[in-house]
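Next comes final-v1.cif, with mmCIF, C-alpha atoms.
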data_query
#
loop_
_atom_site.group_PDB
_atom_site.id
_atom_site.type_symbol
_atom_site.label_atom_id
_atom_site.label_comp_id
_atom_site.auth_asym_id
_atom_site.auth_seq_id
_atom_site.Cartn_x
_atom_site.Cartn_y
_atom_site.Cartn_z
ATOM 1 C CA MET A 1 -33.653 -187.228 138.330
ATOM 2 C CA THR A 2 -32.758 -186.852 134.648
ATOM 3 C CA LEU A 3 -29.355 -186.986 133.070
ATOM 4 C CA GLY A 4 -29.810 -183.320 132.163
ATOM 5 C CA SER A 5 -30.076 -182.529 135.849
ATOM 6 C CA THR A 6 -26.972 -184.686 136.325
ATOM 7 C CA VAL A 7 -24.992 -182.361 134.058
ATOM 8 C CA MET A 8 -26.433 -179.351 135.887
ATOM 9 C CA LYS A 9 -25.350 -180.898 139.196
ATOM 10 C CA ALA A 10 -21.846 -181.440 137.785
ATOM 11 C CA GLU A 11 -21.675 -177.780 136.802
ATOM 12 C CA GLU A 12 -22.919 -176.739 140.258
ATOM 13 C CA MET A 13 -20.317 -178.902 141.988
ATOM 14 C CA PHE A 14 -17.582 -177.652 139.644
ATOM 15 C CA LYS A 15 -18.367 -174.048 140.578
ATOM 16 C CA LYS A 16 -18.562 -174.824 144.281
ATOM 17 C CA TYR A 17 -15.275 -176.736 144.481
ATOM 18 C CA ASP A 18 -13.435 -174.452 142.036
ATOM 19 C CA ALA A 19 -13.833 -171.498 144.388
ATOM 20 C CA ALA A 20 -10.096 -171.416 145.185
ATOM 21 C CA ARG A 21 -9.025 -171.055 141.534
ATOM 22 C CA GLU A 22 -9.538 -168.127 139.241
ATOM 23 C CA ASP A 23 -8.520 -169.969 136.084
ATOM 24 C CA GLY A 24 -11.651 -172.111 135.923
ATOM 25 C CA GLY A 25 -10.122 -175.509 136.592
ATOM 26 C CA LEU A 26 -10.139 -178.134 139.321
ATOM 27 C CA SER A 27 -6.849 -179.415 140.693
ATOM 28 C CA GLN A 28 -6.336 -183.073 141.645
ATOM 29 C CA GLU A 29 -6.737 -182.111 145.285
ATOM 30 C CA GLU A 30 -10.028 -180.328 144.568
ATOM 31 C CA VAL A 31 -11.331 -183.337 142.616
ATOM 32 C CA PHE A 32 -10.309 -185.631 145.508
ATOM 33 C CA THR A 33 -12.139 -183.388 147.986
ATOM 34 C CA LEU A 34 -15.225 -183.153 145.763
ATOM 35 C CA LEU A 35 -15.547 -186.883 145.030
ATOM 36 C CA ASN A 36 -15.175 -187.731 148.710
ATOM 37 C CA SER A 37 -17.450 -184.958 149.946
ATOM 38 C CA GLU A 38 -20.780 -185.317 151.728
ATOM 39 C CA ASP A 39 -22.271 -183.290 148.831
ATOM 40 C CA TYR A 40 -21.278 -185.970 146.322
ATOM 41 C CA LYS A 41 -22.106 -188.854 148.661
ATOM 42 C CA ASP A 42 -25.613 -187.493 149.341
ATOM 43 C CA TRP A 43 -26.245 -186.784 145.667
ATOM 44 C CA ILE A 44 -25.088 -190.156 144.294
ATOM 45 C CA THR A 45 -26.983 -191.979 147.056
ATOM 46 C CA GLU A 46 -30.139 -190.050 146.175
ATOM 47 C CA LEU A 47 -29.636 -190.852 142.491
ATOM 48 C CA VAL A 48 -28.775 -194.542 142.749
ATOM 49 C CA GLY A 49 -29.522 -195.652 146.299
ATOM 50 C CA ASP A 50 -27.611 -196.927 149.298
ATOM 51 C CA GLY A 51 -24.253 -198.442 148.510
ATOM 52 C CA ALA A 52 -23.701 -196.224 145.455
ATOM 53 C CA PHE A 53 -21.021 -194.070 147.046
ATOM 54 C CA ILE A 54 -17.445 -195.279 146.681
ATOM 55 C CA GLU A 55 -14.772 -193.495 148.658
ATOM 56 C CA ARG A 56 -11.954 -192.659 146.265
ATOM 57 C CA SER A 57 -8.293 -192.943 147.248
ATOM 58 C CA GLU A 58 -5.659 -190.493 146.075
ATOM 59 C CA LYS A 59 -4.411 -193.236 143.739
ATOM 60 C CA ASP A 60 -7.937 -193.589 142.256
ATOM 61 C CA ILE A 61 -8.140 -189.842 141.708
ATOM 62 C CA ARG A 62 -4.698 -189.712 140.073
ATOM 63 C CA ALA A 63 -5.759 -192.452 137.634
ATOM 64 C CA LEU A 64 -9.097 -190.773 136.849
ATOM 65 C CA PHE A 65 -7.422 -187.389 136.529
ATOM 66 C CA LYS A 66 -4.813 -188.726 134.120
ATOM 67 C CA LYS A 67 -7.544 -190.152 131.874
ATOM 68 C CA VAL A 68 -9.620 -186.973 131.631
ATOM 69 C CA ASP A 69 -7.007 -184.185 131.757
ATOM 70 C CA SER A 70 -6.781 -184.290 127.978
ATOM 71 C CA ASP A 71 -4.791 -181.085 127.621
ATOM 72 C CA LYS A 72 -2.355 -182.158 130.389
ATOM 73 C CA SER A 73 -2.797 -178.785 132.118
ATOM 74 C CA GLY A 74 -2.819 -180.242 135.628
ATOM 75 C CA ALA A 75 -6.362 -178.976 136.161
ATOM 76 C CA LEU A 76 -9.709 -180.214 134.862
ATOM 77 C CA SER A 77 -11.593 -177.728 132.728
ATOM 78 C CA ARG A 78 -15.380 -177.580 132.984
ATOM 79 C CA THR A 79 -15.630 -179.847 129.923
ATOM 80 C CA GLU A 80 -13.139 -182.383 131.282
ATOM 81 C CA PHE A 81 -14.854 -182.408 134.672
ATOM 82 C CA VAL A 82 -18.326 -182.939 133.204
ATOM 83 C CA MET A 83 -16.961 -185.855 131.170
ATOM 84 C CA LEU A 84 -15.480 -187.328 134.362
ATOM 85 C CA TRP A 85 -18.759 -186.753 136.210
ATOM 86 C CA LEU A 86 -20.764 -188.499 133.483
ATOM 87 C CA ALA A 87 -18.333 -191.418 133.458
ATOM 88 C CA LEU A 88 -18.674 -191.802 137.234
ATOM 89 C CA VAL A 89 -22.454 -191.573 137.060
ATOM 90 C CA ARG A 90 -22.491 -194.103 134.227
ATOM 91 C CA GLU A 91 -20.314 -196.380 136.310
ATOM 92 C CA ARG A 92 -22.771 -196.130 139.180
ATOM 93 C CA THR A 93 -26.086 -196.158 137.289
ATOM 94 C CA LYS A 94 -25.398 -198.188 134.149
ATOM 95 C CA ALA A 95 -27.457 -195.551 132.327
ATOM 96 C CA SER A 96 -28.910 -196.211 128.907
ATOM 97 C CA PRO A 97 -27.139 -194.866 125.820
ATOM 98 C CA LYS A 98 -30.165 -192.663 125.097
ATOM 99 C CA LEU A 99 -29.916 -190.962 128.493
ATOM 100 C CA LEU A 100 -26.190 -190.412 128.052
ATOM 101 C CA ALA A 101 -26.776 -188.942 124.585
ATOM 102 C CA LEU A 102 -29.378 -186.565 126.015
ATOM 103 C CA ALA A 103 -26.986 -185.480 128.770
ATOM 104 C CA PHE A 104 -24.246 -184.895 126.217
ATOM 105 C CA CYS A 105 -26.585 -182.785 124.079
ATOM 106 C CA ARG A 106 -27.561 -180.721 127.116
ATOM 107 C CA PHE A 107 -23.883 -180.272 127.894
ATOM 108 C CA LEU A 108 -23.189 -178.981 124.367
ATOM 109 C CA ASP A 109 -26.211 -176.665 124.526
ATOM 110 C CA SER A 110 -24.445 -173.752 126.218
ATOM 111 C CA ASN A 111 -27.414 -171.366 126.004
ATOM 112 C CA LYS A 112 -29.858 -174.066 127.213
ATOM 113 C CA ASP A 113 -32.423 -173.441 124.465
ATOM 114 C CA GLY A 114 -33.010 -177.132 123.685
ATOM 115 C CA GLN A 115 -31.073 -176.976 120.421
ATOM 116 C CA ILE A 116 -27.451 -177.450 119.470
ATOM 117 C CA SER A 117 -26.499 -174.640 117.118
ATOM 118 C CA ILE A 118 -23.665 -174.793 114.634
ATOM 119 C CA ASN A 119 -21.642 -172.428 116.854
ATOM 120 C CA GLU A 120 -22.121 -174.713 119.878
ATOM 121 C CA LEU A 121 -21.039 -177.696 117.776
ATOM 122 C CA LYS A 122 -17.997 -175.843 116.431
ATOM 123 C CA ARG A 123 -16.993 -174.824 119.970
ATOM 124 C CA PHE A 124 -17.059 -178.492 121.012
ATOM 125 C CA LEU A 125 -15.185 -179.657 117.902
ATOM 126 C CA GLY A 126 -12.470 -177.126 118.690
ATOM 127 C CA LEU A 127 -11.901 -178.913 122.002
ATOM 128 C CA LEU A 128 -11.120 -182.174 120.202
ATOM 129 C CA GLY A 129 -7.732 -181.007 119.029
ATOM 130 C CA PRO A 130 -6.401 -180.677 115.475
ATOM 131 C CA PHE A 131 -8.932 -183.044 113.881
ATOM 132 C CA GLY A 132 -11.923 -181.390 115.517
ATOM 133 C CA ALA A 133 -10.586 -177.893 114.889
ATOM 134 C CA GLY A 134 -10.125 -178.833 111.230
ATOM 135 C CA LEU A 135 -13.812 -179.679 110.993
ATOM 136 C CA THR A 136 -14.760 -176.196 112.162
ATOM 137 C CA ILE A 137 -13.547 -174.671 108.875
ATOM 138 C CA ILE A 138 -16.125 -176.615 106.841
ATOM 139 C CA PRO A 139 -18.712 -174.085 105.665
ATOM 140 C CA MET A 140 -21.941 -174.590 107.602
ATOM 141 C CA SER A 141 -24.960 -172.353 107.706
ATOM 142 C CA ASP A 142 -25.616 -170.662 111.046
ATOM 143 C CA LYS A 143 -29.243 -171.695 110.535
ATOM 144 C CA MET A 144 -28.338 -175.365 110.864
ATOM 145 C CA GLY A 145 -28.888 -176.990 114.229
ATOM 146 C CA PHE A 146 -30.308 -179.966 116.087
ATOM 147 C CA ASP A 147 -33.469 -179.790 118.185
ATOM 148 C CA TYR A 148 -32.445 -182.525 120.612
ATOM 149 C CA GLU A 149 -35.228 -181.885 123.138
ATOM 150 C CA ARG A 150 -37.819 -182.770 120.482
ATOM 151 C CA HIS A 151 -35.769 -185.756 119.291
ATOM 152 C CA PHE A 152 -35.466 -187.324 122.764
ATOM 153 C CA LYS A 153 -39.142 -186.940 123.763
#

Go ahead and render the structure in this file as C-alpha coordinates.
Amino acid sequence: MTLGSTVMKAEEMFKKYDAAREDGGLSQEEVFTLLNSEDYKDWITELVGDGAFIERSEKDIRALFKKVDSDKSGALSRTEFVMLWLALVRERTKASPKLLALAFCRFLDSNKDGQISINELKRFLGLLGPFGAGLTIIPMSDKMGFDYERHFK
(Lines of atoms letter the chains of each structure in order from A and count residues from 1; the text may use other names and numbers.)
(Lines give C-alpha, C1' and ligand atoms only; values in the text may rest on other atoms or scores of the structure.)
Protein backbone atom coordinates (compact mmCIF):
# COMPACT_ATOMS: atom_id res chain seq x y z
CA MET A 1 0.00 0.00 0.00
CA THR A 2 1.40 3.39 -1.02
CA LEU A 3 1.02 6.68 0.75
CA GLY A 4 -0.98 7.88 -2.24
CA SER A 5 -3.49 5.14 -1.55
CA THR A 6 -3.40 6.26 2.09
CA VAL A 7 -4.64 9.71 1.07
CA MET A 8 -7.29 8.10 -1.14
CA LYS A 9 -8.41 5.98 1.81
CA ALA A 10 -8.62 9.11 3.98
CA GLU A 11 -10.83 10.76 1.37
CA GLU A 12 -13.01 7.64 1.16
CA MET A 13 -13.41 7.50 4.94
CA PHE A 14 -14.12 11.25 5.09
CA LYS A 15 -16.97 10.85 2.60
CA LYS A 16 -18.36 7.80 4.35
CA TYR A 17 -18.37 9.30 7.85
CA ASP A 18 -19.43 12.78 6.70
CA ALA A 19 -22.74 11.43 5.41
CA ALA A 20 -24.72 13.21 8.16
CA ARG A 21 -23.39 16.68 7.28
CA GLU A 22 -24.07 18.71 4.20
CA ASP A 23 -21.38 21.30 4.88
CA GLY A 24 -18.48 18.98 4.11
CA GLY A 25 -16.96 18.69 7.56
CA LEU A 26 -16.53 16.06 10.26
CA SER A 27 -17.66 16.82 13.79
CA GLN A 28 -15.70 15.63 16.84
CA GLU A 29 -18.26 12.88 17.32
CA GLU A 30 -17.87 11.74 13.70
CA VAL A 31 -14.06 11.70 14.03
CA PHE A 32 -14.38 9.68 17.27
CA THR A 33 -16.67 7.18 15.53
CA LEU A 34 -14.40 6.95 12.49
CA LEU A 35 -11.13 6.47 14.39
CA ASN A 36 -12.68 3.77 16.56
CA SER A 37 -14.50 2.03 13.72
CA GLU A 38 -13.90 -1.47 12.39
CA ASP A 39 -13.20 0.20 9.01
CA TYR A 40 -10.24 2.10 10.46
CA LYS A 41 -9.09 -0.80 12.63
CA ASP A 42 -9.07 -3.21 9.66
CA TRP A 43 -7.31 -0.71 7.41
CA ILE A 44 -4.54 0.29 9.84
CA THR A 45 -3.98 -3.36 10.77
CA GLU A 46 -3.65 -4.26 7.09
CA LEU A 47 -1.23 -1.38 6.57
CA VAL A 48 0.99 -1.85 9.61
CA GLY A 49 0.14 -5.21 11.15
CA ASP A 50 -1.34 -6.52 14.37
CA GLY A 51 -1.12 -4.16 17.30
CA ALA A 52 -1.28 -1.04 15.10
CA PHE A 53 -4.80 -0.07 16.10
CA ILE A 54 -5.13 2.19 19.14
CA GLU A 55 -8.59 2.79 20.52
CA ARG A 56 -8.99 6.53 20.97
CA SER A 57 -10.78 8.04 23.97
CA GLU A 58 -12.97 11.11 23.72
CA LYS A 59 -10.16 13.03 25.44
CA ASP A 60 -7.69 11.84 22.76
CA ILE A 61 -10.06 12.95 20.01
CA ARG A 62 -10.61 16.36 21.62
CA ALA A 63 -6.83 16.90 21.76
CA LEU A 64 -6.31 15.76 18.15
CA PHE A 65 -9.28 17.80 16.98
CA LYS A 66 -8.00 20.94 18.68
CA LYS A 67 -4.63 20.58 16.93
CA VAL A 68 -6.01 20.16 13.41
CA ASP A 69 -9.16 22.33 13.42
CA SER A 70 -7.08 25.26 12.22
CA ASP A 71 -10.03 27.49 11.36
CA LYS A 72 -11.73 26.72 14.71
CA SER A 73 -14.99 25.90 12.90
CA GLY A 74 -15.85 22.95 15.13
CA ALA A 75 -15.67 20.61 12.14
CA LEU A 76 -12.72 19.20 10.22
CA SER A 77 -12.61 20.15 6.56
CA ARG A 78 -11.36 17.61 4.03
CA THR A 79 -7.91 19.23 4.17
CA GLU A 80 -7.79 19.23 7.98
CA PHE A 81 -8.96 15.62 8.11
CA VAL A 82 -6.39 14.41 5.58
CA MET A 83 -3.67 16.14 7.61
CA LEU A 84 -4.94 14.36 10.74
CA TRP A 85 -5.08 11.05 8.87
CA LEU A 86 -1.50 11.44 7.63
CA ALA A 87 -0.31 12.34 11.12
CA LEU A 88 -1.97 9.22 12.55
CA VAL A 89 -0.55 7.03 9.81
CA ARG A 90 2.89 8.56 10.35
CA GLU A 91 2.54 7.87 14.05
CA ARG A 92 1.75 4.24 13.32
CA THR A 93 4.13 3.56 10.41
CA LYS A 94 7.08 5.88 11.00
CA ALA A 95 6.97 6.53 7.25
CA SER A 96 9.91 8.02 5.42
CA PRO A 97 9.93 11.73 4.59
CA LYS A 98 9.91 10.85 0.88
CA LEU A 99 6.69 8.85 1.22
CA LEU A 100 5.05 11.65 3.20
CA ALA A 101 6.12 14.19 0.57
CA LEU A 102 4.62 12.01 -2.17
CA ALA A 103 1.36 11.70 -0.24
CA PHE A 104 1.25 15.46 0.27
CA CYS A 105 1.81 16.05 -3.45
CA ARG A 106 -0.99 13.63 -4.30
CA PHE A 107 -3.21 15.46 -1.83
CA LEU A 108 -2.49 18.81 -3.52
CA ASP A 109 -3.07 17.31 -6.97
CA SER A 110 -6.85 17.80 -7.02
CA ASN A 111 -7.30 16.62 -10.62
CA LYS A 112 -5.02 13.59 -10.07
CA ASP A 113 -2.94 14.16 -13.22
CA GLY A 114 0.43 13.55 -11.53
CA GLN A 115 1.35 17.24 -11.55
CA ILE A 116 0.78 20.12 -9.18
CA SER A 117 -0.36 23.10 -11.23
CA ILE A 118 0.01 26.70 -10.16
CA ASN A 119 -3.76 26.84 -9.50
CA GLU A 120 -3.56 23.78 -7.22
CA LEU A 121 -0.64 25.36 -5.37
CA LYS A 122 -2.46 28.69 -5.02
CA ARG A 123 -5.56 26.91 -3.68
CA PHE A 124 -3.42 25.28 -0.98
CA LEU A 125 -1.59 28.52 -0.14
CA GLY A 126 -4.96 30.20 0.34
CA LEU A 127 -5.70 27.69 3.11
CA LEU A 128 -2.62 28.80 5.05
CA GLY A 129 -4.18 32.06 6.13
CA PRO A 130 -2.98 35.62 5.48
CA PHE A 131 0.64 34.69 4.72
CA GLY A 132 -0.29 31.96 2.26
CA ALA A 133 -3.04 34.04 0.68
CA GLY A 134 -0.52 36.85 0.22
CA LEU A 135 1.70 34.52 -1.79
CA THR A 136 -1.13 33.83 -4.23
CA ILE A 137 -0.91 37.38 -5.62
CA ILE A 138 2.66 36.84 -6.86
CA PRO A 139 2.48 36.65 -10.65
CA MET A 140 3.06 33.07 -11.77
CA SER A 141 2.55 31.58 -15.18
CA ASP A 142 -0.27 29.06 -15.46
CA LYS A 143 2.21 26.93 -17.42
CA MET A 144 4.36 26.44 -14.33
CA GLY A 145 3.91 23.23 -12.39
CA PHE A 146 5.63 20.29 -10.74
CA ASP A 147 5.59 16.78 -12.18
CA TYR A 148 5.86 15.01 -8.83
CA GLU A 149 5.09 11.51 -10.16
CA ARG A 150 8.24 11.67 -12.32
CA HIS A 151 10.27 13.18 -9.47
CA PHE A 152 9.38 10.44 -6.97
CA LYS A 153 10.01 7.47 -9.30

Pick out the residues sitting within 8 Å of Gly114 in chain A, and hand them over as a ChimeraX atom specification; count only C-alpha atoms, and ignore anything fewer than 3 positions along from it in its own chain. /A:106,109,147-149

Shell around Phe53 in chain A at 7 Å using all atoms listed in the file, local window under 2 positions removed, as an MDAnalysis selection string: chainID A and resid 41 44:45 51 55

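Compared by their closest atoms to Ser37 in chain A, and using all atoms listed in the file, the residues A:Phe107, A:Leu64, A:Gln115, A:Ile54 rank with A:Ile54 nearest.
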
Written as a CSV table (one decimal) with C-alpha atoms, keeping the file's coordinate frame, what is the full residue list that the PyMOL selection byres ((chain A and resi 30) around 10) yields on the file shown?
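Generated output (selection.csv):
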chain,number,residue,atom,x,y,z
A,14,PHE,CA,-17.6,-177.7,139.6
A,17,TYR,CA,-15.3,-176.7,144.5
A,18,ASP,CA,-13.4,-174.5,142.0
A,19,ALA,CA,-13.8,-171.5,144.4
A,20,ALA,CA,-10.1,-171.4,145.2
A,21,ARG,CA,-9.0,-171.1,141.5
A,25,GLY,CA,-10.1,-175.5,136.6
A,26,LEU,CA,-10.1,-178.1,139.3
A,27,SER,CA,-6.8,-179.4,140.7
A,28,GLN,CA,-6.3,-183.1,141.6
A,29,GLU,CA,-6.7,-182.1,145.3
A,31,VAL,CA,-11.3,-183.3,142.6
A,32,PHE,CA,-10.3,-185.6,145.5
A,33,THR,CA,-12.1,-183.4,148.0
A,34,LEU,CA,-15.2,-183.2,145.8
A,35,LEU,CA,-15.5,-186.9,145.0
A,36,ASN,CA,-15.2,-187.7,148.7
A,75,ALA,CA,-6.4,-179.0,136.2
A,76,LEU,CA,-9.7,-180.2,134.9

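For the atom pair formed by CA of Val7 in chain A and CA of Trp85 in chain A, the distance is 7.9 Å, given to one decimal.
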
Please expand the PyMOL selection byres ((chain A and resi 120) around 12) into the concrete residues it hits in this file, giving the result as a count of residues only. 27

CA of Glu11 in chain A to CA of Phe81 in chain A measures 8.5 Å

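Straight-line separation from CA of Met8 in chain A to CA of Leu84 in chain A: 13.6 Å.
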
Adding 8 Å on each side of the box along x, y and z that holds all listed atoms of range 109-117 of chain A, could you give its centre and edge lengths in Å to one decimal, as lines of an AutoDock Vina configuration file?
center_x = -28.7
center_y = -174.4
center_z = 122.2
size_x = 24.6
size_y = 22.1
size_z = 26.1

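Distances to Phe104 in chain A were evaluated for A:Val89, A:Ala63, A:Gly74, A:Met83 using all atoms listed in the file, and the minimum falls at A:Met83.
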